[in-house]
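One file, work-v1.cif, carrying mmCIF, C-alpha atoms and all ligand atoms:
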data_upload
loop_
_atom_site.label_atom_id
_atom_site.label_comp_id
_atom_site.auth_asym_id
_atom_site.auth_seq_id
_atom_site.Cartn_x
_atom_site.Cartn_y
_atom_site.Cartn_z
CA MET W 1 0.00 0.00 0.00
CA LYS W 2 1.20 3.49 -0.92
CA LYS W 3 0.83 6.12 1.79
CA LEU W 4 1.08 9.89 1.62
CA LEU W 5 1.08 12.32 4.50
CA ILE W 6 0.83 16.07 4.00
CA LYS W 7 1.81 17.85 7.20
CA ASN W 8 1.97 21.42 8.52
CA ILE W 9 -0.77 22.55 6.09
CA LYS W 10 -1.45 26.22 6.76
CA LEU W 11 -5.16 25.73 5.95
CA LEU W 12 -6.98 22.53 4.96
CA VAL W 13 -10.16 23.59 3.16
CA GLN W 14 -13.61 22.02 2.77
CA VAL W 15 -13.26 19.20 5.29
CA GLU W 16 -16.17 16.97 6.26
CA ASP W 17 -16.58 13.65 8.08
CA SER W 18 -19.32 12.28 5.86
CA PRO W 19 -20.43 13.47 2.41
CA LYS W 20 -23.23 16.03 2.22
CA HIS W 21 -25.37 16.42 -0.89
CA VAL W 22 -25.35 20.20 -1.23
CA VAL W 23 -24.75 23.35 0.77
CA ARG W 24 -27.62 25.80 0.46
CA GLY W 25 -28.18 29.56 0.50
CA LEU W 26 -26.50 31.64 3.16
CA SER W 27 -24.89 28.56 4.72
CA MET W 28 -22.72 28.48 1.59
CA ASN W 29 -20.71 31.21 3.28
CA ILE W 30 -19.52 28.61 5.79
CA LEU W 31 -16.52 26.67 4.53
CA PRO W 32 -15.22 24.15 7.09
CA CYS W 33 -11.43 24.51 7.33
CA ILE W 34 -8.66 23.44 9.73
CA GLU W 35 -5.58 25.55 10.40
CA ASN W 36 -2.20 23.87 10.84
CA ALA W 37 -3.49 20.54 9.61
CA TYR W 38 -2.44 17.17 8.27
CA LEU W 39 -3.98 15.03 5.53
CA ALA W 40 -3.38 11.29 5.16
CA ILE W 41 -3.86 9.30 1.95
CA GLU W 42 -3.71 5.56 1.30
CA ASN W 43 -3.45 4.58 -2.36
CA ASP W 44 -6.13 6.70 -4.11
CA THR W 45 -8.25 7.50 -1.05
CA ILE W 46 -8.32 10.06 1.75
CA VAL W 47 -8.15 8.18 5.05
CA ASP W 48 -7.70 10.84 7.71
CA TYR W 49 -7.21 14.52 8.38
CA GLY W 50 -7.01 16.72 11.43
CA SER W 51 -5.12 19.34 13.35
CA MET W 52 -1.34 18.87 13.70
CA SER W 53 -1.82 19.10 17.46
CA ASP W 54 -3.97 15.95 17.33
CA TRP W 55 -1.61 14.06 15.07
CA GLN W 56 -0.71 10.69 16.56
CA GLY W 57 2.62 10.39 14.76
CA ILE W 58 3.53 7.55 12.45
CA SER W 59 3.63 3.93 13.49
CA ASP W 60 4.46 2.40 10.12
CA TRP W 61 6.96 4.21 7.89
CA SER W 62 6.95 1.65 5.08
CA ASN W 63 5.98 3.05 1.68
CA LEU W 64 5.26 6.45 3.21
CA GLU W 65 5.89 9.75 1.46
CA ILE W 66 5.77 12.90 3.58
CA ILE W 67 5.18 16.37 2.17
CA ASP W 68 5.70 19.48 4.25
CA ALA W 69 3.07 22.06 3.24
CA GLU W 70 4.18 24.86 5.55
CA GLY W 71 2.59 28.16 4.46
CA LYS W 72 0.50 26.40 1.81
CA ILE W 73 -3.22 25.80 1.47
CA VAL W 74 -4.71 22.42 0.54
CA LEU W 75 -8.16 22.31 -1.02
CA PRO W 76 -10.26 19.75 -2.91
CA THR W 77 -9.99 19.87 -6.70
CA PHE W 78 -12.81 21.57 -8.58
CA CYS W 79 -15.69 19.62 -10.08
CA ASP W 80 -16.55 21.19 -13.42
CA SER W 81 -20.13 20.06 -13.96
CA HIS W 82 -20.73 21.73 -17.36
CA THR W 83 -18.36 21.71 -20.33
CA HIS W 84 -18.31 21.17 -24.08
CA ALA W 85 -14.63 20.22 -23.98
CA VAL W 86 -14.74 17.98 -27.07
CA TYR W 87 -14.79 20.27 -30.11
CA ALA W 88 -13.08 20.82 -33.45
CA GLY W 89 -11.40 24.09 -34.38
CA SER W 90 -11.87 27.46 -32.73
CA ARG W 91 -14.17 30.43 -33.33
CA GLU W 92 -12.11 33.57 -32.76
CA GLN W 93 -13.61 35.19 -35.88
CA GLU W 94 -17.00 35.21 -34.15
CA TYR W 95 -15.37 36.85 -31.15
CA VAL W 96 -14.06 39.61 -33.39
CA ASP W 97 -17.48 39.88 -35.07
CA ARG W 98 -19.03 40.41 -31.65
CA LEU W 99 -16.44 43.07 -30.86
CA HIS W 100 -17.72 44.80 -33.99
CA GLY W 101 -21.24 44.77 -32.61
CA LEU W 102 -22.88 41.55 -33.77
CA THR W 103 -24.68 39.56 -31.08
CA TYR W 104 -24.32 35.82 -30.36
CA GLN W 105 -27.87 35.37 -31.70
CA GLU W 106 -27.17 37.33 -34.92
CA ILE W 107 -24.07 35.23 -35.57
CA ALA W 108 -26.08 32.06 -34.98
CA LEU W 109 -28.89 33.17 -37.33
CA ARG W 110 -26.43 33.57 -40.21
CA GLY W 111 -25.15 30.00 -39.72
CA GLY W 112 -22.33 30.67 -37.24
CA GLY W 113 -22.22 29.71 -33.57
CA ILE W 114 -23.09 26.12 -32.74
CA LEU W 115 -23.65 25.32 -36.45
CA ASN W 116 -20.12 26.56 -37.21
CA SER W 117 -18.69 24.08 -34.68
CA ALA W 118 -21.05 21.36 -35.98
CA ALA W 119 -19.71 21.79 -39.52
CA ARG W 120 -16.12 21.36 -38.28
CA MET W 121 -17.14 18.43 -36.08
CA GLY W 122 -18.54 16.61 -39.10
CA THR W 123 -15.13 16.37 -40.77
CA ALA W 124 -12.98 15.78 -37.67
CA THR W 125 -11.75 12.25 -36.98
CA GLU W 126 -12.37 10.50 -33.69
CA GLU W 127 -8.63 10.32 -33.20
CA GLU W 128 -8.00 14.06 -33.54
CA LEU W 129 -11.00 14.93 -31.39
CA TYR W 130 -9.71 12.61 -28.70
CA THR W 131 -6.11 13.82 -28.83
CA ASP W 132 -7.11 17.51 -28.75
CA ALA W 133 -9.62 17.08 -25.92
CA TYR W 134 -7.17 14.98 -23.90
CA ALA W 135 -4.51 17.69 -24.13
CA ARG W 136 -7.06 20.42 -23.34
CA ILE W 137 -8.26 18.60 -20.23
CA GLN W 138 -4.70 17.85 -19.08
CA LYS W 139 -4.17 21.61 -18.90
CA LEU W 140 -7.30 21.95 -16.75
CA ILE W 141 -6.11 19.20 -14.40
CA ARG W 142 -2.88 21.14 -13.86
CA LEU W 143 -5.03 24.11 -12.85
CA GLY W 144 -6.96 22.04 -10.32
CA THR W 145 -9.95 20.50 -12.11
CA GLY W 146 -10.48 17.02 -10.65
CA ALA W 147 -13.73 15.95 -12.35
CA ILE W 148 -15.40 17.06 -15.56
CA GLU W 149 -18.75 16.70 -17.30
CA ILE W 150 -18.52 16.80 -21.11
CA LYS W 151 -21.41 17.27 -23.52
CA SER W 152 -21.93 16.16 -27.09
CA GLY W 153 -24.01 18.60 -29.16
CA TYR W 154 -21.77 19.60 -32.05
CA GLY W 155 -22.77 16.48 -33.98
CA LEU W 156 -26.47 17.11 -34.61
CA SER W 157 -26.78 13.86 -36.57
CA LEU W 158 -26.98 10.30 -35.27
CA GLU W 159 -23.56 9.40 -36.60
CA THR W 160 -21.71 12.49 -35.40
CA GLU W 161 -23.39 12.66 -31.98
CA LEU W 162 -22.31 9.05 -31.46
CA LYS W 163 -18.81 9.95 -32.62
CA MET W 164 -18.60 12.68 -29.98
CA LEU W 165 -19.98 10.43 -27.26
CA ARG W 166 -17.48 7.70 -28.14
CA VAL W 167 -14.68 10.24 -27.80
CA ILE W 168 -16.04 11.21 -24.37
CA GLN W 169 -16.23 7.51 -23.48
CA ARG W 170 -12.58 7.10 -24.40
CA LEU W 171 -11.65 10.14 -22.29
CA LYS W 172 -13.59 8.54 -19.42
CA LEU W 173 -11.47 5.41 -19.72
CA ASN W 174 -8.11 7.14 -20.08
CA LEU W 175 -8.12 10.40 -18.13
CA PRO W 176 -7.13 10.17 -14.47
CA ILE W 177 -10.11 12.33 -13.40
CA ALA W 178 -13.81 11.40 -13.24
CA VAL W 179 -15.66 12.13 -16.48
CA LYS W 180 -19.45 12.27 -16.94
CA ALA W 181 -20.97 12.19 -20.42
CA THR W 182 -23.98 14.23 -21.44
CA PHE W 183 -25.95 13.81 -24.67
CA LEU W 184 -26.84 17.25 -26.05
CA GLY W 185 -28.32 16.36 -29.45
CA ALA W 186 -30.84 19.15 -28.78
CA HIS W 187 -28.20 21.89 -28.95
CA ALA W 188 -29.45 23.45 -32.20
CA ILE W 189 -31.67 22.52 -35.14
CA PRO W 190 -29.30 21.36 -37.92
CA PRO W 191 -29.64 23.13 -41.30
CA GLN W 192 -31.16 20.11 -43.06
CA TYR W 193 -34.06 20.17 -40.55
CA LYS W 194 -34.56 23.97 -40.74
CA ASP W 195 -38.12 23.52 -41.97
CA ASP W 196 -38.81 20.32 -40.06
CA ARG W 197 -37.88 20.82 -36.41
CA GLU W 198 -40.38 18.15 -35.42
CA GLY W 199 -38.44 15.74 -37.65
CA TYR W 200 -35.20 16.51 -35.83
CA ILE W 201 -36.81 16.07 -32.42
CA ASP W 202 -38.25 12.74 -33.60
CA LEU W 203 -34.74 11.72 -34.67
CA ILE W 204 -33.43 12.57 -31.19
CA CYS W 205 -36.23 10.71 -29.41
CA ASN W 206 -36.67 7.73 -31.73
CA GLU W 207 -33.17 7.04 -32.99
CA MET W 208 -30.43 8.86 -31.09
CA LEU W 209 -31.63 8.18 -27.52
CA PRO W 210 -32.33 4.45 -28.08
CA GLN W 211 -28.88 3.96 -29.68
CA ILE W 212 -27.11 5.91 -26.93
CA HIS W 213 -28.93 3.78 -24.39
CA THR W 214 -27.95 0.56 -26.18
CA GLU W 215 -24.29 1.56 -26.26
CA GLN W 216 -24.44 3.09 -22.73
CA LEU W 217 -22.75 6.23 -24.01
CA ALA W 218 -24.21 8.91 -21.73
CA ASP W 219 -25.06 9.63 -18.11
CA TYR W 220 -27.17 12.76 -18.72
CA CYS W 221 -29.30 14.35 -21.42
CA ASP W 222 -29.29 18.12 -21.91
CA VAL W 223 -31.35 20.53 -24.05
CA PHE W 224 -30.60 24.15 -25.03
CA CYS W 225 -33.97 25.62 -24.09
CA GLU W 226 -33.96 29.08 -25.68
CA GLU W 227 -35.66 31.12 -28.37
CA ASN W 228 -34.49 29.91 -31.83
CA TYR W 229 -33.27 26.67 -30.26
CA PHE W 230 -35.74 24.45 -28.34
CA THR W 231 -39.00 25.48 -26.65
CA PRO W 232 -39.97 24.47 -23.09
CA THR W 233 -42.50 21.98 -24.49
CA GLU W 234 -39.87 20.40 -26.75
CA THR W 235 -37.40 20.39 -23.86
CA ILE W 236 -39.85 18.54 -21.62
CA ARG W 237 -40.58 16.01 -24.37
CA ILE W 238 -36.91 15.24 -25.08
CA LEU W 239 -35.89 15.07 -21.42
CA SER W 240 -38.86 12.85 -20.54
CA VAL W 241 -37.92 10.36 -23.27
CA ALA W 242 -34.30 10.53 -22.09
CA LYS W 243 -35.41 9.67 -18.55
CA ASN W 244 -37.13 6.57 -19.86
CA TYR W 245 -33.77 5.54 -21.30
CA GLY W 246 -32.09 6.07 -17.94
CA LEU W 247 -30.46 9.43 -18.70
CA GLN W 248 -30.93 12.08 -16.03
CA PRO W 249 -32.06 15.47 -17.34
CA LYS W 250 -30.15 18.75 -17.40
CA ALA W 251 -30.97 21.97 -19.24
CA HIS W 252 -29.28 25.07 -20.66
CA ALA W 253 -31.82 27.57 -19.38
CA ASN W 254 -32.57 31.29 -19.33
CA GLN W 255 -29.25 32.34 -20.84
CA LEU W 256 -30.53 34.76 -23.48
CA ALA W 257 -34.11 35.44 -22.31
CA TYR W 258 -36.83 34.44 -19.84
CA SER W 259 -37.22 31.28 -21.90
CA GLY W 260 -39.19 29.06 -19.53
CA GLY W 261 -36.19 26.73 -19.41
CA VAL W 262 -35.92 26.79 -15.63
CA GLN W 263 -39.55 25.73 -15.20
CA ALA W 264 -39.16 23.07 -17.90
CA GLY W 265 -36.09 21.68 -16.13
CA VAL W 266 -37.83 21.66 -12.76
CA LYS W 267 -40.85 19.94 -14.30
CA VAL W 268 -38.76 16.93 -15.36
CA ASP W 269 -36.78 17.00 -12.10
CA ALA W 270 -33.54 18.01 -13.83
CA VAL W 271 -30.34 17.51 -11.87
CA SER W 272 -29.33 21.05 -12.81
CA VAL W 273 -30.41 24.04 -14.87
CA ASP W 274 -27.45 26.01 -16.12
CA HIS W 275 -26.69 29.66 -17.17
CA LEU W 276 -29.60 31.59 -15.52
CA GLU W 277 -28.83 35.15 -16.62
CA TYR W 278 -32.58 35.79 -17.01
CA VAL W 279 -34.00 34.66 -13.69
CA GLY W 280 -36.69 36.44 -11.65
CA ASP W 281 -39.03 35.64 -8.78
CA THR W 282 -41.02 33.07 -10.78
CA GLU W 283 -37.92 31.05 -11.66
CA ILE W 284 -36.60 31.29 -8.10
CA GLU W 285 -39.95 30.09 -6.73
CA ALA W 286 -39.88 27.11 -9.12
CA LEU W 287 -36.32 26.23 -8.05
CA LYS W 288 -37.21 26.48 -4.35
CA LYS W 289 -39.74 23.69 -4.73
CA SER W 290 -37.30 21.41 -6.55
CA ASN W 291 -34.14 19.31 -6.18
CA THR W 292 -32.64 21.02 -9.23
CA VAL W 293 -29.27 22.73 -8.76
CA PRO W 294 -29.05 26.24 -10.28
CA THR W 295 -25.66 26.29 -11.98
CA ILE W 296 -23.92 29.54 -12.89
CA LEU W 297 -21.50 29.71 -15.83
CA PRO W 298 -19.52 32.93 -15.25
CA GLY W 299 -17.32 32.51 -18.35
CA ALA W 300 -20.15 32.54 -20.88
CA GLN W 301 -21.92 35.42 -19.09
CA TYR W 302 -18.72 37.47 -19.22
CA PHE W 303 -17.59 36.55 -22.73
CA LEU W 304 -20.98 37.22 -24.35
CA GLY W 305 -21.55 40.40 -22.28
CA LEU W 306 -24.79 39.05 -20.82
CA PRO W 307 -26.45 40.42 -17.68
CA ASN W 308 -25.27 39.04 -14.33
CA PRO W 309 -27.37 36.17 -13.01
CA PRO W 310 -29.07 37.20 -9.74
CA VAL W 311 -26.87 34.97 -7.59
CA ARG W 312 -27.38 36.88 -4.33
CA ALA W 313 -31.16 36.67 -4.69
CA MET W 314 -30.85 32.93 -5.28
CA LEU W 315 -28.69 32.57 -2.17
CA GLU W 316 -31.20 34.61 -0.13
CA ALA W 317 -33.83 32.15 -1.37
CA ASP W 318 -31.78 29.29 0.15
CA LEU W 319 -30.86 27.73 -3.19
CA PRO W 320 -27.72 25.58 -3.58
CA ILE W 321 -25.74 27.41 -6.29
CA ALA W 322 -23.13 25.54 -8.34
CA ILE W 323 -20.44 27.09 -10.56
CA ALA W 324 -19.00 25.45 -13.69
CA SER W 325 -16.92 26.64 -16.63
CA ASP W 326 -19.04 25.89 -19.76
CA TYR W 327 -15.68 25.48 -21.57
CA ASN W 328 -16.56 25.60 -25.30
CA PRO W 329 -15.24 27.22 -28.49
CA GLY W 330 -18.05 29.80 -28.81
CA SER W 331 -19.29 31.33 -25.59
CA CYS W 332 -16.41 30.40 -23.26
CA PRO W 333 -13.04 29.39 -24.67
CA ASN W 334 -11.67 29.02 -21.14
CA GLY W 335 -11.94 26.14 -18.68
CA ASN W 336 -9.93 27.64 -15.84
CA MET W 337 -12.10 27.25 -12.75
CA TRP W 338 -10.07 29.81 -10.80
CA TRP W 339 -11.10 32.45 -13.30
CA MET W 340 -14.76 31.37 -12.95
CA LEU W 341 -14.66 31.83 -9.19
CA GLN W 342 -12.76 35.11 -9.40
CA HIS W 343 -15.25 36.62 -11.85
CA ALA W 344 -18.21 35.28 -9.85
CA CYS W 345 -16.97 37.01 -6.70
CA VAL W 346 -16.40 40.40 -8.33
CA ALA W 347 -19.41 40.44 -10.65
CA TYR W 348 -22.07 38.72 -8.53
CA LYS W 349 -20.82 39.85 -5.12
CA ILE W 350 -20.45 36.39 -3.70
CA THR W 351 -17.80 35.57 -1.13
CA PRO W 352 -14.81 33.28 -1.75
CA ASN W 353 -16.37 30.77 0.68
CA GLU W 354 -19.59 30.73 -1.38
CA ALA W 355 -17.58 30.36 -4.59
CA PHE W 356 -15.56 27.41 -3.23
CA ASN W 357 -18.72 25.64 -2.02
CA ALA W 358 -20.34 26.24 -5.42
CA SER W 359 -17.43 24.68 -7.34
CA THR W 360 -16.70 21.70 -5.07
CA ILE W 361 -19.54 20.14 -3.03
CA ASN W 362 -22.43 21.62 -5.05
CA SER W 363 -20.95 21.05 -8.49
CA ALA W 364 -20.01 17.49 -7.46
CA TYR W 365 -23.70 16.94 -6.70
CA ALA W 366 -24.66 18.51 -10.05
CA MET W 367 -22.64 15.77 -11.76
CA GLY W 368 -23.65 12.91 -9.47
CA ILE W 369 -20.32 12.34 -7.74
CA SER W 370 -20.78 13.79 -4.26
CA GLN W 371 -20.10 10.44 -2.61
CA THR W 372 -16.54 10.42 -3.96
CA HIS W 373 -15.60 14.01 -4.87
CA GLY W 374 -16.04 17.63 -3.81
CA SER W 375 -14.49 17.69 -0.34
CA ILE W 376 -11.69 16.48 1.90
CA CYS W 377 -13.52 13.58 3.50
CA PRO W 378 -12.34 10.12 4.61
CA GLY W 379 -13.32 7.59 1.95
CA LYS W 380 -13.39 10.13 -0.89
CA LYS W 381 -10.89 10.19 -3.75
CA ALA W 382 -7.55 11.80 -2.88
CA ASN W 383 -8.06 14.70 -5.31
CA PHE W 384 -6.60 17.92 -3.99
CA ILE W 385 -4.64 21.06 -4.81
CA ILE W 386 -1.58 22.29 -2.93
CA THR W 387 -1.10 26.02 -3.43
CA ALA W 388 2.06 28.09 -3.36
CA PRO W 389 2.66 29.81 -0.02
CA VAL W 390 -0.12 32.45 0.19
CA PRO W 391 -1.32 34.77 2.97
CA SER W 392 -4.90 33.41 3.11
CA LEU W 393 -7.66 31.52 1.31
CA ASN W 394 -9.26 34.79 0.17
CA TYR W 395 -5.96 35.74 -1.45
CA LEU W 396 -6.41 32.91 -3.99
CA LEU W 397 -9.42 34.66 -5.54
CA TYR W 398 -8.26 38.23 -4.89
CA ASN W 399 -5.05 37.49 -6.85
CA PHE W 400 -7.15 37.12 -10.02
CA GLY W 401 -5.67 35.81 -13.23
CA MET W 402 -2.56 34.53 -11.44
CA ASN W 403 -1.74 30.88 -10.94
CA ASN W 404 -1.03 29.94 -7.34
CA VAL W 405 -1.33 26.19 -7.88
CA GLU W 406 1.86 24.39 -6.90
CA ALA W 407 0.71 20.78 -7.19
CA VAL W 408 -2.41 18.82 -8.07
CA TYR W 409 -3.03 15.27 -6.86
CA ILE W 410 -5.59 13.02 -8.50
CA LYS W 411 -6.37 9.72 -6.78
CA GLY W 412 -3.24 10.20 -4.71
CA GLU W 413 -0.98 10.70 -7.75
CA LYS W 414 0.86 13.94 -8.37
CA GLN W 415 -0.08 15.45 -11.74
CA ILE W 416 2.32 18.42 -11.82
O1 LIG W 501 -23.42 26.73 -23.04
N1 LIG W 501 -25.73 27.92 -24.77
C1 LIG W 501 -25.54 26.99 -25.52
N2 LIG W 501 -24.43 26.29 -25.68
C2 LIG W 501 -23.13 26.70 -25.31
C3 LIG W 501 -22.48 27.49 -26.36
C4 LIG W 501 -22.12 26.66 -27.47
C5 LIG W 501 -21.41 27.36 -28.54
O2 LIG W 501 -21.58 28.58 -28.78
O3 LIG W 501 -20.66 26.63 -29.18
C6 LIG W 501 -23.16 27.41 -24.00
O4 LIG W 501 -22.93 28.62 -23.90
FE FE W 502 -23.08 24.99 -22.25
#

Show the structure stored in the file as structure tokens.
Ligand code: NIG
Ligand code: FE
Amino acid sequence: MKKLLIKNIKLLVQVEDSPKHVVRGLSMNILPCIENAYLAIENDTIVDYGSMSDWQGISDWSNLEIIDAEGKIVLPTFCDSHTHAVYAGSREQEYVDRLHGLTYQEIALRGGGILNSAARMGTATEEELYTDAYARIQKLIRLGTGAIEIKSGYGLSLETELKMLRVIQRLKLNLPIAVKATFLGAHAIPPQYKDDREGYIDLICNEMLPQIHTEQLADYCDVFCEENYFTPTETIRILSVAKNYGLQPKAHANQLAYSGGVQAGVKVDAVSVDHLEYVGDTEIEALKKSNTVPTILPGAQYFLGLPNPPVRAMLEADLPIAIASDYNPGSCPNGNMWWMLQHACVAYKITPNEAFNASTINSAYAMGISQTHGSICPGKKANFIITAPVPSLNYLLYNFGMNNVEAVYIKGEKQI
């Protein structure tokens, strides 16, 4: 057995003795931490933690590595519960077009946006998609991402959606971190179904979902519920069929307008509804009566210049907010979770404690892995970040855009 002991940790963050599901509302400002702490790992699992003053010493030195973390902070790796990290090519021309005044919707209506990525996806090989995504995600791991959800949705045909999901499956097998796969066939109406949206939705429900189920290629099903994409009624239909095939629902909701996406997600008991720039009292009331996790995607809100989601109002309403990156080539070409938290604090006036809860315990729940990820807890995976020496936990978000990660461990193995 391989053993690892980290001692003299200045601050050990997000500790718990047994896994919670979520942290809600104003209690998200409480982040359980221990000063001057130790953390003990056996093989890939956390076995113990505590204050250095309670440390019993070591009885068995065989196979033991000791790390002195004096002045450094140790925290659980981030769980990124919403990404589109498998994609072909990049879309910086659309970024420049937006700088010249075009909107995301205008670019989409002239065939850009998701359809631009779908066209490139069609010609990409499985091998290049896999190699590119693997390298992309390796970079995120070095920044502290320890679990990732990845969506299809640039295929928009049976064959190419399956190609994307097979790539995600391969990433699941080969990456050191946990990967969850989400089928997002309902990301846009493909050009060949422009005048037959019903036909495309039938294809999703009658051909894509059964095949994905047969090949066990996805954990979740997602729909982009928005004007010019999919209506709440269509969203409910697709997600209900997906549930029958054993895929748990998620939704892209209320990003560009009060689209009814939140209510549609709640209606099918979605695990999460994500984006939420256009959320008012009605949406908050619907969420309060549900188990659905409202997930904020700060990168896409920032990059598209959208209004801030009303995060403080959602916290006042006792909702369990999650934060994820939405890493994708159009609305957020960035998967750095530190940046997501830093922007969320400044723009939405949330505290660092709230941001860390949102991106660890709550986002772990939003991707179905809270029993094994999201906190420093005996029995959970030994996934954690060791920072450079820093003055405090708050400093890590205050020092925006800078990288204070010194080491990342996944299942007890050092990644950098
Ligand atoms: O989450 N909103 C829809 N889908 C993605 C963007 C996809 C794209 O533009 O390629 C998102 O922002
Ligand atoms: Fe997204």

Adding 4 Å on each side of the box along x, y and z that holds all listed atoms of ligand LIG 501 (chain W), could you give its centre and edge lengths in Å to one decimal, as AutoDock Vina command-line options?
--center_x -23.2 --center_y 27.5 --center_z -26.1 --size_x 13.1 --size_y 10.3 --size_z 14.1

TODO: For CA of Gly261 in chain W and CA of Asp80 in chain W, quote the distance in Å rounded to one decimal.
DONE: 21.3 Å

Using 12 Å as the limit and counting only C-alpha atoms, can you tabulate each residue of range 246-335 of chain W that touches range 105-110 of chain W, with its shortest atom-to-atom distance in Å and the two atoms involved, as a tab-separated table?
residue	atom	partner	partner_atom	distance
W:Gln255	CA	W:Gln105	CA	11.4
W:Leu256	CA	W:Gln105	CA	8.7
W:Ala257	CA	W:Gln105	CA	11.3
W:Leu304	CA	W:Gln105	CA	10.2
W:Leu306	CA	W:Gln105	CA	11.9
W:Gly330	CA	W:Ala108	CA	10.4
W:Ser331	CA	W:Gln105	CA	11.3

For the selection you just gave me, I'd like the residues written to a file as an mmCIF file, in the frame of the given file, keeping C-alpha atoms.
data_model
loop_
_atom_site.group_PDB
_atom_site.id
_atom_site.type_symbol
_atom_site.label_atom_id
_atom_site.label_comp_id
_atom_site.auth_asym_id
_atom_site.auth_seq_id
_atom_site.Cartn_x
_atom_site.Cartn_y
_atom_site.Cartn_z
ATOM 1 C CA GLN W 255 -29.250 32.340 -20.840
ATOM 2 C CA LEU W 256 -30.530 34.760 -23.480
ATOM 3 C CA ALA W 257 -34.110 35.440 -22.310
ATOM 4 C CA LEU W 304 -20.980 37.220 -24.350
ATOM 5 C CA LEU W 306 -24.790 39.050 -20.820
ATOM 6 C CA GLY W 330 -18.050 29.800 -28.810
ATOM 7 C CA SER W 331 -19.290 31.330 -25.590
#

TODO: May I ask for the distance between CA of Glu159 in chain W and atom O4 of ligand LIG 501 (chain W), given in Å to one decimal place?
DONE: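 Value for the CA of Glu159 in chain W-atom O4 of ligand LIG 501 (chain W) distance: 23.0 Å.
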
Task: Contacts with ligand LIG 501 (chain W) at most 9 Å, all atoms listed in the file counted, listed as an NGL selection string - done: :W and (82-84 or 87 or 91 or 104 or 108 or 112-118 or 153-154 or 187-188 or 223-226 or 252-253 or 255-256 or 274-275 or 297 or 299-301 or 304 or 326-332)

Please identify all polymer residues within 12 Å of Ser359 in chain W, counting all atoms listed in the file, omitting same-chain residues fewer than 5 positions from it, and present them as a PDB file with C-alpha atoms, in the coordinates of the input.
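What ended up in selection.pdb:
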ATOM      1  CA  GLN W  14     -13.610  22.020   2.770  1.00  0.00           C
ATOM      2  CA  VAL W  22     -25.350  20.200  -1.230  1.00  0.00           C
ATOM      3  CA  VAL W  23     -24.750  23.350   0.770  1.00  0.00           C
ATOM      4  CA  MET W  28     -22.720  28.480   1.590  1.00  0.00           C
ATOM      5  CA  LEU W  75      -8.160  22.310  -1.020  1.00  0.00           C
ATOM      6  CA  PRO W  76     -10.260  19.750  -2.910  1.00  0.00           C
ATOM      7  CA  THR W  77      -9.990  19.870  -6.700  1.00  0.00           C
ATOM      8  CA  PHE W  78     -12.810  21.570  -8.580  1.00  0.00           C
ATOM      9  CA  CYS W  79     -15.690  19.620 -10.080  1.00  0.00           C
ATOM     10  CA  ASP W  80     -16.550  21.190 -13.420  1.00  0.00           C
ATOM     11  CA  SER W  81     -20.130  20.060 -13.960  1.00  0.00           C
ATOM     12  CA  HIS W  82     -20.730  21.730 -17.360  1.00  0.00           C
ATOM     13  CA  GLY W 144      -6.960  22.040 -10.320  1.00  0.00           C
ATOM     14  CA  THR W 145      -9.950  20.500 -12.110  1.00  0.00           C
ATOM     15  CA  GLY W 146     -10.480  17.020 -10.650  1.00  0.00           C
ATOM     16  CA  ALA W 147     -13.730  15.950 -12.350  1.00  0.00           C
ATOM     17  CA  ILE W 148     -15.400  17.060 -15.560  1.00  0.00           C
ATOM     18  CA  THR W 295     -25.660  26.290 -11.980  1.00  0.00           C
ATOM     19  CA  ILE W 296     -23.920  29.540 -12.890  1.00  0.00           C
ATOM     20  CA  LEU W 297     -21.500  29.710 -15.830  1.00  0.00           C
ATOM     21  CA  PRO W 298     -19.520  32.930 -15.250  1.00  0.00           C
ATOM     22  CA  PRO W 320     -27.720  25.580  -3.580  1.00  0.00           C
ATOM     23  CA  ILE W 321     -25.740  27.410  -6.290  1.00  0.00           C
ATOM     24  CA  ALA W 322     -23.130  25.540  -8.340  1.00  0.00           C
ATOM     25  CA  ILE W 323     -20.440  27.090 -10.560  1.00  0.00           C
ATOM     26  CA  ALA W 324     -19.000  25.450 -13.690  1.00  0.00           C
ATOM     27  CA  SER W 325     -16.920  26.640 -16.630  1.00  0.00           C
ATOM     28  CA  ASN W 336      -9.930  27.640 -15.840  1.00  0.00           C
ATOM     29  CA  MET W 337     -12.100  27.250 -12.750  1.00  0.00           C
ATOM     30  CA  TRP W 338     -10.070  29.810 -10.800  1.00  0.00           C
ATOM     31  CA  TRP W 339     -11.100  32.450 -13.300  1.00  0.00           C
ATOM     32  CA  MET W 340     -14.760  31.370 -12.950  1.00  0.00           C
ATOM     33  CA  LEU W 341     -14.660  31.830  -9.190  1.00  0.00           C
ATOM     34  CA  GLN W 342     -12.760  35.110  -9.400  1.00  0.00           C
ATOM     35  CA  ALA W 344     -18.210  35.280  -9.850  1.00  0.00           C
ATOM     36  CA  PRO W 352     -14.810  33.280  -1.750  1.00  0.00           C
ATOM     37  CA  ASN W 353     -16.370  30.770   0.680  1.00  0.00           C
ATOM     38  CA  GLU W 354     -19.590  30.730  -1.380  1.00  0.00           C
ATOM     39  CA  ALA W 364     -20.010  17.490  -7.460  1.00  0.00           C
ATOM     40  CA  TYR W 365     -23.700  16.940  -6.700  1.00  0.00           C
ATOM     41  CA  ALA W 366     -24.660  18.510 -10.050  1.00  0.00           C
ATOM     42  CA  MET W 367     -22.640  15.770 -11.760  1.00  0.00           C
ATOM     43  CA  SER W 370     -20.780  13.790  -4.260  1.00  0.00           C
ATOM     44  CA  HIS W 373     -15.600  14.010  -4.870  1.00  0.00           C
ATOM     45  CA  GLY W 374     -16.040  17.630  -3.810  1.00  0.00           C
ATOM     46  CA  SER W 375     -14.490  17.690  -0.340  1.00  0.00           C
TER      47      SER W 375
END
